[in-house]
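Q: Below you'll find the structure I mean.
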Amino acid sequence: MTDAAPAAAPALVPVVVIGAGGMGRAWIGTVLRSDAARLVGVADVLEGAAERAVAEVVPEEQRAAIVTGTDALDVARRSGAEAVIDVTIPAAHHAVTADALHAGYPVLGEKPCAATLAEAVSLAGHAEATGKLFMVSQSRRNNPHLHEARRLADELGGAGIVDTRFYKAPRFGGFRDEMEHPLIVDMAIHAFDAGRVLIDGNPLDVTATSYNPSWSWYAGDTAATVTITYDSGVVHTFAGSWAAPGAETSWNGDWRISGEHGSVLWDGETAPTSHAAAAEATEARLGRAPDPDARWELADSLERFCAALRGGPVPDSEVHANVWTQAIVEAAVRAADTGVRVQLADLLEEALAAARILDSADGRSSALHSWNTGTSGLSIG
């Protein structure tokens, strides 16, 4: 009797990166280092941008095999791609993703899902209509330390109170300096999504206040406190600022997760610690170190996406689940602007109505007409 031959490794997924700016270059590098995907094309609407990105990021001996151009779908067809990675600006996400899905390409999209909640819901409908995977890369949820914090919290009875503190003072320049809510929209979205990893259930309502310190170099509100109540009874509070120099937190923030039998602390960078309530537990217990082969952030997003295309499980940030994260962001902005508690069911109902109008004008998808309410079509993430 002879030993069975080892199973062949899944074939690499040929992908096109759409968008050749700074984040696009990061994704190009991620694909080049991947053992699940291979880069076959780069597209950007700016003439010459894709070619410059390839010249700067791709090793010289590999450049000739990379198809470039300004028309993403043409590049995908000419390169033999099986999927696309959308790294365009948020305002372009809806059109780029919908067009790719209807052309037969699964999409891995950079966060946020779309520029508005209505567009995000619309894209969930386009994914249903085409039967193609649309996954949103919320890269910060792909952090082994975060998942270890969840495991430790479960040992202590599960998360009941989640508290995030985030204080940084970056000087980006560019579009963030002019945004109305740069902290909530561009940064706190990561904490909101990470909170969903720690907390069972779906977000129920949101309250928020936001303001801009007198010394801020931003035009919009760079400080905010956001409270998210979940249908499981758990409350997540985020407080922070992007104009807070000195004693800054990590980019992932400082976390405290409290449960019935103790708390978990995480500084956003190193392994979390467990602090049991038992009297004899006088020392913190350090969480397990990540597996040396663990993938992080963009690399993990890409691995999960490719695995799903090769018959693996549906990723936990597939569009239907990820809409909840975008709903928290939109609810936080509305709550900060109005001073009222925003119910996510109401917000999603509005988004569904607006998304149906978008899809009716587009004419390619009627999937949302099967949704009874704004929440009925969304899975628990």
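Residue numbering restarts at 1 in every chain; chains get A, B, ... in the order shown in the structure tokens, and ligands count up from 1 in that same order.
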Select from segment 159-192 of chain A everything DSSP, run on the backbone, classes as helix (DSSP H, G or I), then give the selection as JSON, numbers by chain.

A: {"A": [174, 175, 176, 177, 178, 182, 183, 184, 185, 186, 187, 188, 189, 190, 191, 192]}

Q: Would you list the contacts of Thr97 of chain A as a ChimeraX atom specification, taking every protein, DNA or RNA residue within 12 Å and counting only C-alpha atoms, but skipping same-chain residues closer than 2 positions in sequence?

A: /A:18,72-73,83-95,99-110,113-114,119-120,122-127,130,132-136,319

Q: Which residue gives the smallest distance to Gly173 of chain A among A:Trp27, A:Trp217, A:Trp324, A:Tyr211, with only C-alpha atoms counted?

A: A:Trp217

Q: Where in segment 143-324 of chain A does DSSP assign strand (DSSP E or B), given as a count of residues only?

A: 49
